[in-house]
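Trainee: One structure is given below, represented as structure tokens, and several questions about it will come after.
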Amino acid sequence: MLNMNREQLTMKAFVAPRAGILDTLKLMEIPVPEIGADEVLVQIRTVGVGVHDRWFMPQEVRYPYPIGIEAAGIIDAVGEAVTRFAVGDRVMFVSSMQPKGGVWAEFAAVAETTLIRIPDELDFVRAAALPVAGGTALRSMHLLDLGAGDALFMAGASGAIGTLAIQLARSRGIRVAASASERNHDYLRSLGAELAVDYRDPEWVEQVRAWSQTGVDAALAIQPGTSADSMRLVRDGGTLVTVSGDRLAPERGIRISVLMGATDARDEMAELAAEVASGRIHVEVEQVYPFEDGIQALEKTETRRARGKVVLTLE
């Protein structure tokens, strides 16, 4: 439950208290950020927890700095230049990592240009789980540039990005093989993967090769350290897209694209949100934590073993 005293203009937030100790976060009472002419003040209802949340910082930081970049909530106030949104609108967004602070807070100042309207049928929990993973999955699909009948391998596909990417690929008629721990294989198949392999099985590369016969047309390396093995599966002249940050030298004419962090795909994101609201696309939320348990939720996400998304709620 929110306990903000609007007369005092303070709020609770998880913050990096000062420079040099980003690994130590504190739940503190800090001032509510002031909004500029082109910004809105969002009352945060839910927060999408990301593996890099404690490390994402703008170039100019004012400490104590609220962490986090992905959330959903209700607009509480609007700047004088805001034209497309109004007080009371339900919105989700990836913040611009401005010096005013991130979204692990009861309120956040957000640029109007980052906002995506939440469909009426979409709840706040799924809305907060969607912007980063959805934007990354959509951009990955563009870079992969595959069509119906093409074969795609996804490395580390049971998380938030992979969950959406499998479904987006299948909606385009793309054949999918994916890796994850064995306990998630039925889950991957339920999303549309034809083949699920265990990355701890020494035979998994051969299993994918047998499935694809001539090599996959493209691979999407989601988990760190998976790009080299993924490239071994790609046919000559194919495509490798890495979300993990791995750096590889091209070989055999394979085109390599490195995708880092969140991307701006708001128009497509609005369409994706509608698909999720209608039930045609599934957003997997592994666990919802109360806001006060944010550190526990972040530590869970940092293991990179979550299925789908971890979300904080302030409702």
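Each chain in the structure tokens gets a letter, A, B and so on, in the order shown; residues start at 1 in every chain, and ligands are counted from 1 in the order they appear.
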At a cut-off of 7 Å, using only C-alpha atoms, what residues contact region 32-34 of chain A? Leave out same-chain residues fewer than 6 positions from it and give the result as a list in words.

Mentor: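 The filter keeps Leu9, Thr10, Met11, Lys100, Phe107, Ala108 and Ala109 of chain A.
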
Trainee: Residues of region 215-280 of chain A that approach region 127-130 of chain A to 12 Å or less, counting only C-alpha atoms: could you list each one with the shortest pair of atoms and its distance in Å to one decimal, rows by chain and increasing residue number, as a Markdown table?

Mentor:
```
| residue | atom | partner | partner_atom | distance |
| --- | --- | --- | --- | --- |
| A:Ala262 | CA | A:Leu130 | CA | 11.1 |
| A:Ala265 | CA | A:Leu130 | CA | 11.9 |
| A:Arg266 | CA | A:Leu130 | CA | 11.4 |
| A:Glu268 | CA | A:Leu130 | CA | 11.9 |
| A:Met269 | CA | A:Leu130 | CA | 8.4 |
| A:Ala270 | CA | A:Leu130 | CA | 10.4 |
| A:Glu271 | CA | A:Leu130 | CA | 11.8 |
| A:Leu272 | CA | A:Leu130 | CA | 8.8 |
| A:Ala273 | CA | A:Ala127 | CA | 7.6 |
| A:Ala274 | CA | A:Ala127 | CA | 10.6 |
| A:Glu275 | CA | A:Leu130 | CA | 11.5 |
| A:Val276 | CA | A:Ala127 | CA | 9.0 |
| A:Ala277 | CA | A:Ala127 | CA | 9.2 |
```

Trainee: Restrict the selected residues to C-alpha atoms and save them as a PDB file, in the first residue's frame.

Mentor:
```
ATOM      1  CA  ALA A 262      16.051  -1.980 -24.440  1.00  0.00           C
ATOM      2  CA  ALA A 265       9.631  -0.038 -30.720  1.00  0.00           C
ATOM      3  CA  ARG A 266       6.605   1.713 -29.234  1.00  0.00           C
ATOM      4  CA  GLU A 268       4.923  -2.381 -32.437  1.00  0.00           C
ATOM      5  CA  MET A 269       4.822  -2.631 -28.652  1.00  0.00           C
ATOM      6  CA  ALA A 270       1.294  -1.231 -28.646  1.00  0.00           C
ATOM      7  CA  GLU A 271       0.306  -3.962 -31.105  1.00  0.00           C
ATOM      8  CA  LEU A 272       2.070  -6.598 -29.004  1.00  0.00           C
ATOM      9  CA  ALA A 273       0.289  -5.355 -25.861  1.00  0.00           C
ATOM     10  CA  ALA A 274      -3.023  -5.801 -27.669  1.00  0.00           C
ATOM     11  CA  GLU A 275      -2.030  -9.349 -28.605  1.00  0.00           C
ATOM     12  CA  VAL A 276      -1.172 -10.099 -24.974  1.00  0.00           C
ATOM     13  CA  ALA A 277      -4.415  -8.526 -23.759  1.00  0.00           C
TER      14      ALA A 277
END
```

Trainee: What's around Ser179 (chain A) at 8 Å? Count only C-alpha atoms, leave out sequence neighbours fewer than 4 positions away in its own chain, and write the answer as a PyMOL selection string.

Mentor: chain A and resi 154-158+196-199

Trainee: Determine which residues of region 11-151 of chain A receive a DSSP assignment of helix (DSSP H, G or I), computed from the backbone, and state them as number ranges by chain.

Mentor: A: 112-114, 124-128, 131-144

Trainee: Give me, as a list in words, all polymer residues having an atom no more than 10 Å from Phe291 (chain A), counting only C-alpha atoms and skipping those fewer than 2 positions away in the same chain.

Mentor: Met1, Lys12, Ala13, Phe14, Leu27, Arg45, Thr46, Val47, Trp104, Ala105, Glu106, Val288, Tyr289, Asp293, Gly294, Ile295, Gln296, Ala297, Val311, Leu312, Thr313, Leu314 and Glu315 of chain A

Trainee: Determine the nearest neighbour of Ile69 (chain A) from the options A:Val208, A:Val103, A:Ala169, A:Leu143, counting only C-alpha atoms.

Mentor: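 Of A:Val208, A:Val103, A:Ala169, A:Leu143, the one nearest Ile69 (chain A), counting only C-alpha atoms, is A:Val103.
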
Trainee: Write out as a list in words which residues come within 9 Å of Leu168 (chain A) when counting only C-alpha atoms, dropping same-chain ones fewer than 6 positions away.

Mentor: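 After dropping sequence-adjacent residues, the list is Ala137, Leu138, Met141, Ile174 and Ile281 of chain A.
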
Trainee: Considering only C-alpha atoms, return as an MDAnalysis selection string whatever protein or nucleic-acid residues lie within 10 Å of Asp145 (chain A), sequence-local ones (same chain, fewer than 3 positions apart) excluded.

Mentor: chainID A and resid 140:142 150 217:218 239

Trainee: Pick the closest to Arg247 (chain A) from A:Val234, A:Ala228, A:Ala111, A:Ile30: which is it, counting only C-alpha atoms?

Mentor: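 When distances to Arg247 (chain A) are compared using only C-alpha atoms, the smallest one comes from A:Ala228.
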
Trainee: Counting only C-alpha atoms, which residues in region 213-314 of chain A sit no more than 12 Å from region 175-178 of chain A? For each one, give the nearest pair of atoms and the distance in Å, sorted by chain then residue number, as CSV.

Mentor:
```
residue,atom,partner,partner_atom,distance
A:Gly215,CA,A:Ala177,CA,11.5
A:Val216,CA,A:Ala177,CA,9.1
A:Asp217,CA,A:Arg175,CA,9.9
A:Ala218,CA,A:Val176,CA,10.0
A:Ala219,CA,A:Ala177,CA,9.4
A:Leu220,CA,A:Ala178,CA,9.3
A:Ala221,CA,A:Ala178,CA,10.0
A:Ile222,CA,A:Ala178,CA,10.6
A:Gln223,CA,A:Ala178,CA,11.8
A:Thr226,CA,A:Ala178,CA,11.9
A:Ser230,CA,A:Ala178,CA,10.5
A:Leu233,CA,A:Ala177,CA,11.0
```

Trainee: Let me see the file: selected residues, N, CA, C and O atoms, as an mmCIF file, in the first residue's frame.

Mentor:
```cif
data_model
loop_
_atom_site.group_PDB
_atom_site.id
_atom_site.type_symbol
_atom_site.label_atom_id
_atom_site.label_comp_id
_atom_site.auth_asym_id
_atom_site.auth_seq_id
_atom_site.Cartn_x
_atom_site.Cartn_y
_atom_site.Cartn_z
ATOM 1 N N GLY A 215 21.869 -27.147 -41.049
ATOM 2 C CA GLY A 215 22.199 -25.982 -40.231
ATOM 3 C C GLY A 215 21.025 -25.026 -40.175
ATOM 4 O O GLY A 215 20.262 -24.903 -41.133
ATOM 5 N N VAL A 216 20.876 -24.325 -39.051
ATOM 6 C CA VAL A 216 19.758 -23.384 -38.925
ATOM 7 C C VAL A 216 20.051 -22.132 -39.747
ATOM 8 O O VAL A 216 21.202 -21.779 -40.006
ATOM 9 N N ASP A 217 18.993 -21.472 -40.163
ATOM 10 C CA ASP A 217 19.157 -20.242 -40.931
ATOM 11 C C ASP A 217 19.640 -19.099 -40.055
ATOM 12 O O ASP A 217 20.309 -18.169 -40.547
ATOM 13 N N ALA A 218 19.300 -19.152 -38.783
ATOM 14 C CA ALA A 218 19.713 -18.091 -37.867
ATOM 15 C C ALA A 218 19.673 -18.607 -36.440
ATOM 16 O O ALA A 218 19.008 -19.608 -36.134
ATOM 17 N N ALA A 219 20.393 -17.893 -35.567
ATOM 18 C CA ALA A 219 20.388 -18.218 -34.141
ATOM 19 C C ALA A 219 20.252 -16.933 -33.341
ATOM 20 O O ALA A 219 20.767 -15.883 -33.739
ATOM 21 N N LEU A 220 19.556 -17.046 -32.218
ATOM 22 C CA LEU A 220 19.383 -15.932 -31.283
ATOM 23 C C LEU A 220 20.007 -16.352 -29.958
ATOM 24 O O LEU A 220 19.483 -17.236 -29.273
ATOM 25 N N ALA A 221 21.130 -15.736 -29.605
ATOM 26 C CA ALA A 221 21.834 -16.064 -28.362
ATOM 27 C C ALA A 221 21.388 -15.101 -27.278
ATOM 28 O O ALA A 221 21.760 -13.926 -27.293
ATOM 29 N N ILE A 222 20.595 -15.601 -26.348
ATOM 30 C CA ILE A 222 20.022 -14.739 -25.314
ATOM 31 C C ILE A 222 20.883 -14.753 -24.053
ATOM 32 O O ILE A 222 21.184 -13.704 -23.483
ATOM 33 N N GLN A 223 21.279 -15.919 -23.614
ATOM 34 C CA GLN A 223 22.081 -16.005 -22.390
ATOM 35 C C GLN A 223 23.558 -15.740 -22.687
ATOM 36 O O GLN A 223 24.078 -16.121 -23.737
ATOM 37 N N THR A 226 26.639 -17.994 -24.833
ATOM 38 C CA THR A 226 26.006 -18.970 -25.731
ATOM 39 C C THR A 226 26.243 -18.680 -27.206
ATOM 40 O O THR A 226 25.866 -19.479 -28.056
ATOM 41 N N SER A 230 26.162 -21.278 -30.489
ATOM 42 C CA SER A 230 25.040 -20.999 -31.385
ATOM 43 C C SER A 230 25.527 -20.815 -32.816
ATOM 44 O O SER A 230 24.897 -21.291 -33.770
ATOM 45 N N LEU A 233 25.951 -23.758 -35.106
ATOM 46 C CA LEU A 233 24.750 -24.363 -35.660
ATOM 47 C C LEU A 233 24.225 -23.643 -36.893
ATOM 48 O O LEU A 233 23.359 -24.164 -37.593
#
```

Trainee: Taking only C-alpha atoms into account, name the residue in A:Val91, A:Asp38, A:Gly173, A:Leu195 that is nearest to Ala210 (chain A).

Mentor: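 The shortest atom-to-atom distance to Ala210 (chain A) comes from A:Leu195.
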
Trainee: Near Arg126 (chain A), within 8 Å and counting only C-alpha atoms, which residues show up once chain neighbours fewer than 4 positions away are dropped, as a ChimeraX atom specification?

Mentor: /A:122,130,283,285

Trainee: For CA of Gly36 (chain A) and CA of Tyr63 (chain A), determine how far apart the two atoms are, in Å to one decimal place.

Mentor: 19.4 Å
